[in-house]
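S.K.: Take a look at work-v2.cif, mmCIF, C-alpha atoms and all ligand atoms:
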```cif
data_final
#
loop_
_atom_site.label_atom_id
_atom_site.label_comp_id
_atom_site.auth_asym_id
_atom_site.auth_seq_id
_atom_site.Cartn_x
_atom_site.Cartn_y
_atom_site.Cartn_z
CA MET I 18 -113.89 62.92 62.04
CA SER I 19 -113.49 59.28 61.13
CA ARG I 20 -116.61 57.09 60.99
CA THR I 21 -117.82 53.90 62.65
CA SER I 22 -119.17 50.94 60.69
CA ALA I 23 -122.76 52.17 61.13
CA GLN I 24 -121.85 55.71 60.06
CA TRP I 25 -119.92 54.48 57.04
CA ALA I 26 -122.96 52.41 55.97
CA GLN I 27 -125.35 55.36 56.04
CA ASN I 28 -126.47 56.83 52.75
CA PRO I 29 -124.62 60.05 51.91
CA HIS I 30 -126.63 63.21 52.61
CA LEU I 31 -127.17 63.67 48.89
CA PRO I 32 -130.01 63.16 46.44
CA PRO I 33 -130.01 59.52 45.24
CA THR I 34 -129.10 60.80 41.78
CA HIS I 35 -125.69 61.86 43.12
CA PHE I 36 -124.18 58.57 44.30
CA VAL I 37 -124.25 54.85 43.57
CA ASP I 38 -123.76 51.74 45.68
CA SER I 39 -120.55 49.96 44.72
CA LYS I 40 -122.53 46.71 44.30
CA ILE I 41 -123.37 48.15 40.91
CA TYR I 42 -119.75 47.39 39.96
CA THR I 43 -119.12 44.08 41.69
CA ASP I 44 -122.30 41.98 41.75
CA GLU I 45 -122.25 39.16 39.19
CA ASP I 46 -126.05 38.79 39.07
CA LEU I 47 -126.43 42.49 38.31
CA HIS I 48 -123.79 42.07 35.63
CA LYS I 49 -125.76 39.27 33.95
CA GLU I 50 -128.85 41.45 34.06
CA GLU I 51 -126.92 44.31 32.47
CA ILE I 52 -125.89 42.08 29.57
CA GLU I 53 -129.49 41.12 28.98
CA LYS I 54 -131.15 44.52 29.48
CA ILE I 55 -128.44 46.86 28.15
CA TRP I 56 -125.67 45.27 26.10
CA ASN I 57 -127.86 42.88 24.12
CA LYS I 58 -130.09 45.75 23.04
CA ILE I 59 -127.67 48.53 22.27
CA TRP I 60 -125.65 49.71 19.25
CA LEU I 61 -121.97 48.86 19.64
CA ILE I 62 -118.90 49.43 17.52
CA GLY I 63 -117.76 46.17 15.93
CA CYS I 64 -114.81 47.50 13.95
CA HIS I 65 -113.75 50.35 11.68
CA GLU I 66 -114.40 50.35 7.93
CA SER I 67 -110.65 50.68 7.32
CA GLU I 68 -110.16 47.32 9.05
CA VAL I 69 -112.19 45.62 6.29
CA PRO I 70 -111.18 47.78 3.29
CA ASN I 71 -111.52 45.23 0.47
CA ALA I 72 -114.23 42.92 -0.79
CA TYR I 73 -114.32 39.68 1.26
CA ASP I 74 -112.33 41.16 4.16
CA TYR I 75 -113.72 40.09 7.50
CA ARG I 76 -113.16 40.55 11.20
CA THR I 77 -114.66 38.73 14.13
CA PHE I 78 -116.12 40.59 17.06
CA ARG I 79 -116.85 39.15 20.47
CA HIS I 80 -120.22 40.56 21.43
CA PRO I 81 -120.82 41.11 25.19
CA SER I 82 -123.50 38.38 25.02
CA GLY I 83 -120.63 35.95 24.35
CA ARG I 84 -121.64 35.46 20.71
CA SER I 85 -118.93 35.73 18.14
CA LEU I 86 -119.93 37.87 15.16
CA ILE I 87 -118.46 37.93 11.65
CA ILE I 88 -118.28 41.38 10.09
CA ILE I 89 -117.60 40.95 6.39
CA ARG I 90 -117.48 43.18 3.31
CA GLY I 91 -119.28 41.70 0.32
CA GLU I 92 -118.45 41.93 -3.35
CA ASP I 93 -121.03 44.75 -3.49
CA MET I 94 -118.72 46.51 -0.94
CA LYS I 95 -121.49 46.52 1.65
CA VAL I 96 -120.45 45.50 5.16
CA ARG I 97 -122.75 43.02 6.91
CA ALA I 98 -122.66 41.23 10.24
CA PHE I 99 -123.74 37.72 11.17
CA TYR I 100 -123.54 35.34 14.10
CA ASN I 101 -120.37 33.34 13.59
CA THR I 102 -122.51 30.25 14.09
CA CYS I 103 -123.15 27.55 11.55
CA SER I 104 -126.80 26.82 10.77
CA HIS I 105 -126.08 23.10 10.77
CA ARG I 106 -124.94 22.28 14.29
CA GLY I 107 -123.74 25.57 15.73
CA ASN I 108 -120.03 25.28 15.11
CA SER I 109 -118.03 28.52 14.84
CA ILE I 110 -117.44 29.14 11.16
CA VAL I 111 -114.50 31.53 11.26
CA GLN I 112 -111.69 30.97 13.74
CA ASP I 113 -109.22 33.74 12.88
CA PRO I 114 -109.70 37.28 14.18
CA SER I 115 -109.46 38.64 10.63
CA GLY I 116 -108.96 37.48 7.07
CA ASN I 117 -110.30 37.49 3.53
CA ALA I 118 -112.73 34.84 2.28
CA LYS I 119 -114.99 34.74 -0.75
CA ARG I 120 -116.92 31.86 0.79
CA LEU I 121 -117.30 30.97 4.47
CA THR I 122 -117.03 27.20 4.84
CA CYS I 123 -117.67 25.57 8.17
CA VAL I 124 -114.87 23.12 8.81
CA PHE I 125 -117.12 20.54 10.50
CA HIS I 126 -119.33 19.26 7.62
CA HIS I 127 -118.47 21.89 5.00
CA TRP I 128 -121.70 23.81 4.81
CA THR I 129 -120.78 26.98 2.91
CA TYR I 130 -122.09 30.55 3.03
CA ASN I 131 -121.55 33.65 0.89
CA THR I 132 -120.90 37.20 2.09
CA LYS I 133 -124.65 37.89 2.15
CA GLY I 134 -125.09 35.11 4.68
CA GLU I 135 -126.82 32.81 2.19
CA CYS I 136 -126.12 29.13 2.48
CA VAL I 137 -124.76 28.23 -0.97
CA ASP I 138 -123.63 24.66 -0.51
CA ILE I 139 -124.59 21.66 1.60
CA PRO I 140 -122.52 18.58 0.78
CA ARG I 141 -124.72 15.74 -0.49
CA GLU I 142 -127.81 17.84 0.11
CA LYS I 143 -130.43 15.88 -1.83
CA PRO I 144 -129.37 12.32 -0.92
CA GLY I 145 -129.51 13.10 2.77
CA TYR I 146 -132.22 15.70 3.12
CA GLY I 147 -134.42 15.33 0.05
CA GLU I 148 -136.87 18.21 0.24
CA ARG I 149 -136.78 18.36 4.06
CA VAL I 150 -133.81 20.68 4.41
CA CYS I 151 -133.19 23.32 1.80
CA LYS I 152 -130.18 25.67 1.39
CA SER I 153 -132.44 28.67 0.98
CA ASP I 154 -133.78 28.20 4.53
CA MET I 155 -130.37 27.71 6.09
CA GLY I 156 -128.84 31.19 5.89
CA LEU I 157 -126.80 32.74 8.70
CA ARG I 158 -128.44 34.85 11.38
CA GLU I 159 -127.86 38.43 10.22
CA VAL I 160 -127.23 41.12 12.82
CA LYS I 161 -128.32 44.70 12.27
CA SER I 162 -125.39 46.85 11.18
CA ALA I 163 -124.85 50.47 10.18
CA MET I 164 -121.85 52.56 9.20
CA GLY I 165 -121.20 55.99 10.64
CA TYR I 166 -119.66 58.37 13.16
CA ALA I 167 -116.08 58.43 11.89
CA GLY I 168 -116.47 55.38 9.66
CA PHE I 169 -117.19 52.79 12.31
CA VAL I 170 -119.23 49.65 11.72
CA TRP I 171 -121.92 49.48 14.40
CA VAL I 172 -123.85 46.33 15.23
CA ASN I 173 -126.97 45.56 17.24
CA ILE I 174 -128.17 42.01 17.89
CA ASP I 175 -131.67 43.21 18.80
CA ASP I 176 -133.80 43.10 15.66
CA ALA I 177 -136.32 45.43 17.32
CA CYS I 178 -133.74 48.15 18.06
CA GLN I 179 -134.13 51.79 17.10
CA PRO I 180 -132.02 53.02 14.13
CA LEU I 181 -128.41 53.96 14.94
CA ASP I 182 -129.04 57.64 14.12
CA ALA I 183 -131.95 57.76 16.55
CA PHE I 184 -129.79 56.17 19.26
CA ILE I 185 -126.93 58.66 18.75
CA GLY I 186 -129.23 61.68 18.35
CA ASP I 187 -127.33 64.98 18.36
CA ALA I 188 -124.37 63.74 20.40
CA PHE I 189 -121.96 64.41 17.51
CA GLU I 190 -123.19 67.95 16.82
CA ASP I 191 -119.85 69.42 17.91
CA LEU I 192 -117.76 66.81 16.10
CA GLN I 193 -119.58 66.65 12.79
CA LYS I 194 -116.87 68.32 10.71
CA GLU I 195 -114.08 66.41 12.42
CA THR I 196 -115.68 63.03 11.80
CA SER I 197 -116.72 63.65 8.20
CA CYS I 198 -113.33 63.09 6.55
CA PRO I 199 -112.38 59.50 5.64
CA MET I 200 -110.28 58.09 8.48
CA GLU I 201 -108.25 54.97 9.08
CA VAL I 202 -107.00 53.03 12.07
CA PHE I 203 -103.24 53.27 12.51
CA HIS I 204 -103.02 51.88 16.02
CA TYR I 205 -104.86 49.05 17.75
CA HIS I 206 -104.28 47.40 21.06
CA HIS I 207 -106.54 45.79 23.59
CA ALA I 208 -106.22 45.10 27.26
CA VAL I 209 -108.11 42.87 29.67
CA ILE I 210 -108.42 44.80 32.90
CA GLU I 211 -109.61 43.51 36.24
CA THR I 212 -112.23 46.11 36.78
CA ASN I 213 -115.85 46.83 35.99
CA TYR I 214 -116.50 48.43 32.62
CA LYS I 215 -118.40 51.32 34.19
CA LEU I 216 -115.39 52.35 36.25
CA TRP I 217 -113.32 52.64 33.09
CA HIS I 218 -116.05 54.61 31.36
CA ASP I 219 -116.36 56.89 34.40
CA THR I 220 -112.75 57.97 33.87
CA ASN I 221 -113.73 59.16 30.42
CA ARG I 222 -116.78 61.00 31.75
CA GLU I 223 -115.27 63.10 34.51
CA LEU I 224 -112.21 65.31 34.32
CA TYR I 225 -111.97 65.80 38.08
CA HIS I 226 -109.40 62.98 38.09
CA ASP I 227 -107.02 65.09 35.98
CA TYR I 228 -105.32 65.60 39.35
CA MET I 229 -103.98 62.04 38.98
CA HIS I 230 -102.35 62.69 35.58
CA TYR I 231 -99.15 64.69 35.92
CA HIS I 232 -99.22 65.40 32.17
CA ASN I 233 -102.81 66.66 32.33
CA ARG I 234 -102.13 68.80 35.38
CA LEU I 235 -99.45 70.68 33.50
CA THR I 236 -101.03 70.84 30.05
CA GLY I 237 -104.71 71.38 30.90
CA LEU I 238 -105.69 71.73 34.50
CA SER I 239 -103.37 74.62 35.24
CA GLN I 240 -104.11 76.51 32.02
CA LYS I 241 -106.47 79.35 31.27
CA GLY I 242 -109.89 78.27 30.02
CA TYR I 243 -109.77 74.77 31.53
CA PHE I 244 -112.65 75.39 33.94
CA ASP I 245 -114.77 77.20 31.32
CA ARG I 246 -115.66 74.10 29.31
CA THR I 247 -119.26 72.93 29.29
CA TYR I 248 -120.68 69.41 29.42
CA HIS I 249 -123.67 68.82 27.14
CA THR I 250 -126.02 65.94 27.82
CA TYR I 251 -128.11 64.07 25.26
CA PRO I 252 -130.90 61.50 25.38
CA ASN I 253 -129.90 57.81 25.71
CA GLY I 254 -127.08 58.64 28.12
CA HIS I 255 -124.54 60.37 25.87
CA VAL I 256 -122.45 63.44 26.78
CA GLN I 257 -120.05 65.82 25.10
CA LEU I 258 -117.49 68.23 26.57
CA ASP I 259 -116.54 71.52 24.90
CA SER I 260 -113.03 71.91 23.57
CA MET I 261 -110.05 74.02 24.59
CA GLU I 262 -106.63 74.58 23.11
CA ILE I 263 -104.19 72.56 25.21
CA GLN I 264 -100.77 74.09 25.78
CA TYR I 265 -98.68 70.94 25.37
CA GLN I 266 -95.45 72.86 25.48
CA ALA I 267 -95.94 73.05 29.26
CA TYR I 268 -94.89 69.40 29.33
CA GLY I 269 -91.71 68.75 27.36
CA GLY I 270 -91.62 72.08 25.59
CA GLU I 271 -93.27 71.13 22.30
CA GLN I 272 -96.67 72.22 21.02
CA ARG I 273 -98.72 70.08 18.64
CA GLU I 274 -98.83 72.09 15.45
CA LEU I 275 -100.49 69.69 13.01
CA ALA I 276 -104.25 70.27 12.86
CA TRP I 277 -107.14 67.90 12.35
CA PRO I 278 -109.49 68.75 9.44
CA GLY I 279 -112.27 70.98 10.72
CA ALA I 280 -110.72 71.51 14.14
CA THR I 281 -108.54 74.11 15.78
CA LYS I 282 -104.91 73.41 16.66
CA ALA I 283 -104.32 71.31 19.80
CA CYS I 284 -108.04 70.98 20.44
CA HIS I 285 -109.35 68.50 23.02
CA LYS I 286 -112.82 67.21 22.23
CA LEU I 287 -114.63 64.43 24.03
CA ILE I 288 -117.82 62.47 23.36
CA ASP I 289 -119.05 59.57 25.49
CA ILE I 290 -121.61 57.24 24.03
CA PHE I 291 -123.57 55.07 26.47
CA PRO I 292 -122.70 52.45 27.71
CA GLY I 293 -119.00 52.19 26.87
CA THR I 294 -117.71 54.06 23.82
CA THR I 295 -115.53 57.16 23.93
CA TYR I 296 -114.28 59.43 21.16
CA ILE I 297 -111.38 61.70 22.08
CA LEU I 298 -109.88 64.11 19.59
CA ARG I 299 -106.63 65.56 20.81
CA ALA I 300 -105.38 67.14 17.62
CA PRO I 301 -103.50 65.88 15.75
CA SER I 302 -104.76 62.39 16.76
CA PHE I 303 -108.04 60.65 17.35
CA ARG I 304 -108.64 57.89 19.91
CA VAL I 305 -111.73 55.72 20.20
CA ASP I 306 -112.26 53.29 23.10
CA THR I 307 -114.75 50.46 23.02
CA MET I 308 -115.46 47.89 25.70
CA THR I 309 -116.66 44.34 26.03
CA PRO I 310 -117.54 43.42 29.61
CA LEU I 311 -116.36 39.89 30.44
CA SER I 312 -117.68 39.67 34.01
CA ALA I 313 -118.54 42.12 36.80
CA ASN I 314 -114.83 42.48 37.52
CA LYS I 315 -113.24 42.05 34.12
CA VAL I 316 -113.43 44.06 30.91
CA LEU I 317 -111.82 43.91 27.50
CA ILE I 318 -110.98 47.41 26.32
CA GLU I 319 -110.05 48.05 22.69
CA PHE I 320 -108.06 51.18 21.90
CA ARG I 321 -107.88 52.55 18.40
CA GLY I 322 -105.82 55.45 17.14
CA LEU I 323 -107.03 57.04 13.91
CA GLY I 324 -105.55 59.32 11.31
CA VAL I 325 -106.88 61.04 8.20
CA LYS I 326 -106.96 58.71 5.20
CA ALA I 327 -105.48 61.43 2.99
CA ASP I 328 -102.50 62.01 5.32
CA THR I 329 -99.06 62.43 3.76
CA PRO I 330 -96.45 60.07 5.24
CA GLU I 331 -95.07 63.00 7.26
CA GLU I 332 -98.49 63.92 8.63
CA ARG I 333 -99.23 60.32 9.54
CA ALA I 334 -95.92 59.97 11.35
CA GLU I 335 -96.73 63.11 13.33
CA ARG I 336 -100.17 61.80 14.33
CA VAL I 337 -98.70 58.43 15.34
CA ARG I 338 -95.97 60.11 17.37
CA TRP I 339 -98.38 62.23 19.39
CA HIS I 340 -100.87 59.42 19.75
CA ASN I 341 -98.26 57.11 21.20
CA ALA I 342 -96.73 59.76 23.42
CA LEU I 343 -100.00 60.00 25.33
CA TRP I 344 -101.98 56.82 24.68
CA GLY I 345 -99.58 54.14 23.44
CA PRO I 346 -98.77 51.27 25.80
CA PHE I 347 -95.81 53.31 27.08
CA GLY I 348 -97.69 56.60 26.95
CA LEU I 349 -98.21 59.16 29.68
CA ASN I 350 -101.82 58.71 30.46
CA LEU I 351 -103.68 55.41 29.97
CA HIS I 352 -101.86 53.25 32.49
CA GLU I 353 -102.71 55.66 35.29
CA ASP I 354 -106.44 55.32 34.62
CA LEU I 355 -106.17 51.55 34.42
CA TRP I 356 -104.20 51.37 37.65
CA ALA I 357 -106.77 53.50 39.50
CA ASN I 358 -109.65 51.37 38.22
CA GLU I 359 -108.04 48.14 39.35
CA GLN I 360 -107.40 49.63 42.80
CA GLN I 361 -111.05 50.66 43.04
CA THR I 362 -112.16 47.16 42.11
CA ARG I 363 -109.94 45.49 44.71
CA SER I 364 -111.25 47.80 47.38
CA MET I 365 -114.91 47.39 46.37
CA ASN I 366 -114.67 43.59 46.39
CA ALA I 367 -113.53 43.42 50.01
CA ALA I 368 -115.64 40.97 52.00
CA VAL I 369 -117.16 43.47 54.39
CA ALA I 370 -120.81 44.09 55.16
CA GLU I 371 -120.91 47.85 54.68
CA PRO I 372 -121.53 49.31 51.24
CA THR I 373 -119.03 51.65 49.65
CA PHE I 374 -120.71 54.63 48.06
CA VAL I 375 -119.36 56.20 44.90
CA LEU I 376 -120.07 59.91 44.67
CA HIS I 377 -120.72 61.93 41.57
CA ALA I 378 -122.02 64.93 43.36
CA ARG I 379 -119.95 67.81 41.99
CA GLU I 380 -122.16 70.58 40.62
CA GLU I 381 -120.36 73.43 38.87
CA ASN I 382 -122.86 74.77 36.33
CA ASN I 383 -122.14 71.84 34.00
CA THR I 384 -118.53 72.92 33.56
CA THR I 385 -115.34 70.86 33.45
CA HIS I 386 -115.38 69.32 36.92
CA ASP I 387 -119.15 69.04 37.19
CA GLU I 388 -120.04 65.33 37.36
CA ILE I 389 -123.15 65.74 35.22
CA GLY I 390 -121.69 63.19 32.78
CA MET I 391 -121.69 60.45 35.42
CA ARG I 392 -125.15 61.40 36.66
CA GLN I 393 -126.42 61.26 33.07
CA TYR I 394 -124.88 57.80 32.73
CA TYR I 395 -126.38 56.32 35.88
CA ALA I 396 -129.79 57.84 35.19
CA GLU I 397 -129.82 55.95 31.88
CA TRP I 398 -128.50 52.80 33.58
CA GLY I 399 -131.34 53.00 36.13
CA ARG I 400 -133.93 53.54 33.40
CA LEU I 401 -132.82 50.51 31.40
CA MET I 402 -132.27 48.26 34.41
CA GLY I 403 -135.41 49.30 36.29
CA ARG I 404 -133.31 49.68 39.44
CA PRO I 405 -132.08 52.74 41.37
CA PRO I 406 -128.26 52.85 41.01
CA SER I 407 -127.99 54.30 44.52
CA ASP I 408 -129.53 51.12 45.94
CA PRO I 409 -129.77 48.54 43.15
CA LEU I 410 -130.35 45.57 45.47
CA GLY I 411 -132.54 47.32 48.04
CA ARG I 412 -130.04 46.52 50.78
CA ASN I 413 -129.44 50.10 51.93
CA THR I 414 -133.12 50.92 52.20
CA ALA I 415 -133.66 47.67 54.14
CA SER I 416 -130.77 48.27 56.52
CA ALA I 417 -131.83 51.90 57.04
CA LYS I 418 -135.28 50.65 58.07
CA GLN I 419 -133.68 48.10 60.35
CA ARG I 420 -131.51 50.76 61.98
CA ALA I 421 -134.56 53.00 62.42
CA GLY I 422 -136.44 50.04 63.98
CA SER I 423 -133.72 49.17 66.45
CA ALA I 424 -133.35 52.84 67.43
CA ALA I 425 -137.09 53.12 68.19
S1 LIG Z 501 -121.64 22.35 12.16
FE1 LIG Z 501 -121.12 23.50 10.44
S2 LIG Z 501 -121.26 22.14 8.81
FE2 LIG Z 501 -121.84 20.97 10.49
FE FE Z 502 -107.73 59.70 32.85
#
```
Please rewrite the model in this file as structure tokens.
Ligand code: FES
Ligand SMILES: [Fe+2]

M.R.:
Amino acid sequence: MSRTSAQWAQNPHLPPTHFVDSKIYTDEDLHKEEIEKIWNKIWLIGCHESEVPNAYDYRTFRHPSGRSLIIIRGEDMKVRAFYNTCSHRGNSIVQDPSGNAKRLTCVFHHWTYNTKGECVDIPREKPGYGERVCKSDMGLREVKSAMGYAGFVWVNIDDACQPLDAFIGDAFEDLQKETSCPMEVFHYHHAVIETNYKLWHDTNRELYHDYMHYHNRLTGLSQKGYFDRTYHTYPNGHVQLDSMEIQYQAYGGEQRELAWPGATKACHKLIDIFPGTTYILRAPSFRVDTMTPLSANKVLIEFRGLGVKADTPEERAERVRWHNALWGPFGLNLHEDLWANEQQTRSMNAAVAEPTFVLHAREENNTTHDEIGMRQYYAEWGRLMGRPPSDPLGRNTASAKQRAGSAA
């Protein structure tokens, strides 16, 4: 039976842990609060170590706060991160997305910094400042950084944050061997999508939407063992899904024979790190997604494809081929997820009074189509935000009371 406006607006007959109000995806004030309470306090991937392989190599990273960061490898080969903000008058020091620089000189008045963030030169320092301003007090603002989990450089702008290892916990317990070999990025692209970052991440946390992907229907969903996989949940909102051997020959007739070190042939392993990082190993290739929310309805997604550093040219070509077949810009899979997310966003932003509820209510003993991964995510979101995701603005509770009042 179809529903009236009042029926549509009623909370689903589910525990509040099993659905969210779509305002969680569209409200700009909530988005600003998320940046402050979640993104400014959490460990995020800034880049991969193979993207700054040599001394003085740097990359810039746009942090969700809006700050630009410089991630730079020093002559001691240690990678450090700083605000890309000059101590003099706040100009951006580095303009290019990547490069190599022994010294970082701000173009405005030529204050200069080394790779440890120390201010090493102020033009005409003594005549202008005397003893009042001193180089040694004018270093860059360093950002906490740590290397790990497949060779990524993680950053956290909160000086009071917990260590990266404590944040990740045991989430990589099933991917330890596979992420211990030196790796390098062979593919990078990014996309700005008109959707909320959580909707993108949801597509990496639930496999129920495999029905949308023709390729996945043939090569996973309809194969033996697909529904036997288990989701594991970890503190701080992370999840991991058990592997299976995918029969790729069901689509196009060719199986993926090249293995990944420490993994079985054609494995499919998945780890989601709260609030927006995903590791997917589909042997022979690795994909890692990271996100930078730009507004409630816009997100920058960075896609990296990784191979084994010790690959022969033939092995690398094979990894690239399979990576691109599925996840390249003309691949079989990514564009479908992006399309669905943009459709959701358009629908959720409609100027109507009734809420749209988003369900994650499937319970199947934590197996493949159980939506435990989404529930785990929104439980963590609610904890950090101090708001119930099912009614983050209190509007449903208020309107339910109003309805009850007018009925009485
Ligand atoms: S703002 Fe950088 S040197 Fe003046
Ligand atoms: Fe998908």

S.K.: Record the distance separating CA of Arg234 (chain I) and CA of Phe36 (chain I), expressed in Å with one decimal.

M.R.: 25.9 Å

S.K.: Name the residues in contact with region 203-212 of chain I at a cut-off of 8 Å, using all atoms listed in the file, excluding same-chain residues fewer than 3 positions from it; report them as a PDB file with C-alpha atoms, keeping the file's coordinate frame.

M.R.:
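And here is the file that came out, around.pdb:
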```
ATOM      1  CA  LEU I 216    -115.390  52.350  36.250  1.00  0.00           C
ATOM      2  CA  TRP I 217    -113.320  52.640  33.090  1.00  0.00           C
ATOM      3  CA  ALA I 313    -118.540  42.120  36.800  1.00  0.00           C
ATOM      4  CA  ASN I 314    -114.830  42.480  37.520  1.00  0.00           C
ATOM      5  CA  LYS I 315    -113.240  42.050  34.120  1.00  0.00           C
ATOM      6  CA  VAL I 316    -113.430  44.060  30.910  1.00  0.00           C
ATOM      7  CA  LEU I 317    -111.820  43.910  27.500  1.00  0.00           C
ATOM      8  CA  ILE I 318    -110.980  47.410  26.320  1.00  0.00           C
ATOM      9  CA  GLU I 319    -110.050  48.050  22.690  1.00  0.00           C
ATOM     10  CA  PHE I 320    -108.060  51.180  21.900  1.00  0.00           C
ATOM     11  CA  ARG I 321    -107.880  52.550  18.400  1.00  0.00           C
ATOM     12  CA  GLY I 322    -105.820  55.450  17.140  1.00  0.00           C
ATOM     13  CA  LEU I 323    -107.030  57.040  13.910  1.00  0.00           C
ATOM     14  CA  GLY I 324    -105.550  59.320  11.310  1.00  0.00           C
ATOM     15  CA  VAL I 337     -98.700  58.430  15.340  1.00  0.00           C
ATOM     16  CA  LEU I 355    -106.170  51.550  34.420  1.00  0.00           C
ATOM     17  CA  ASN I 358    -109.650  51.370  38.220  1.00  0.00           C
ATOM     18  CA  GLU I 359    -108.040  48.140  39.350  1.00  0.00           C
ATOM     19  CA  GLN I 361    -111.050  50.660  43.040  1.00  0.00           C
ATOM     20  CA  THR I 362    -112.160  47.160  42.110  1.00  0.00           C
TER      21      THR I 362
END
```

S.K.: Mind listing the residues within 12 Å of ligand FE 502 (chain Z), only C-alpha atoms and all ligand atoms counted, as a ChimeraX atom specification?

M.R.: /I:216-234,297,343-344,349-358

S.K.: List all protein, DNA and RNA residues that have at least one atom no more than 10 Å from any atom of ligand LIG 501 (chain Z), counting all atoms listed in the file, and write them as a list in words.

M.R.: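 Those within range of ligand LIG 501 (chain Z) are Thr102, Cys103, Ser104, His105, Arg106, Gly107, Asn108, Ser109, Ile110, Thr122, Cys123, Val124, Phe125, His126, His127, Trp128, Thr129, Asp138, Ile139 and Pro140 of chain I.
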
S.K.: Got a sec: who's within 9 Å of Tyr100 (chain I), counting only C-alpha atoms, leaving out chain neighbours fewer than 3 positions off, as a PyMOL selection string?

M.R.: chain I and resi 84-88+103+109+157-160+174

S.K.: Print the selection's residues with C-alpha atoms to a file, as a PDB file, keeping the file's coordinate frame.

M.R.:
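Writing done, so here's out.pdb:
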```pdb
ATOM      1  CA  ARG I  84    -121.640  35.460  20.710  1.00  0.00           C
ATOM      2  CA  SER I  85    -118.930  35.730  18.140  1.00  0.00           C
ATOM      3  CA  LEU I  86    -119.930  37.870  15.160  1.00  0.00           C
ATOM      4  CA  ILE I  87    -118.460  37.930  11.650  1.00  0.00           C
ATOM      5  CA  ILE I  88    -118.280  41.380  10.090  1.00  0.00           C
ATOM      6  CA  CYS I 103    -123.150  27.550  11.550  1.00  0.00           C
ATOM      7  CA  SER I 109    -118.030  28.520  14.840  1.00  0.00           C
ATOM      8  CA  LEU I 157    -126.800  32.740   8.700  1.00  0.00           C
ATOM      9  CA  ARG I 158    -128.440  34.850  11.380  1.00  0.00           C
ATOM     10  CA  GLU I 159    -127.860  38.430  10.220  1.00  0.00           C
ATOM     11  CA  VAL I 160    -127.230  41.120  12.820  1.00  0.00           C
ATOM     12  CA  ILE I 174    -128.170  42.010  17.890  1.00  0.00           C
TER      13      ILE I 174
END
```
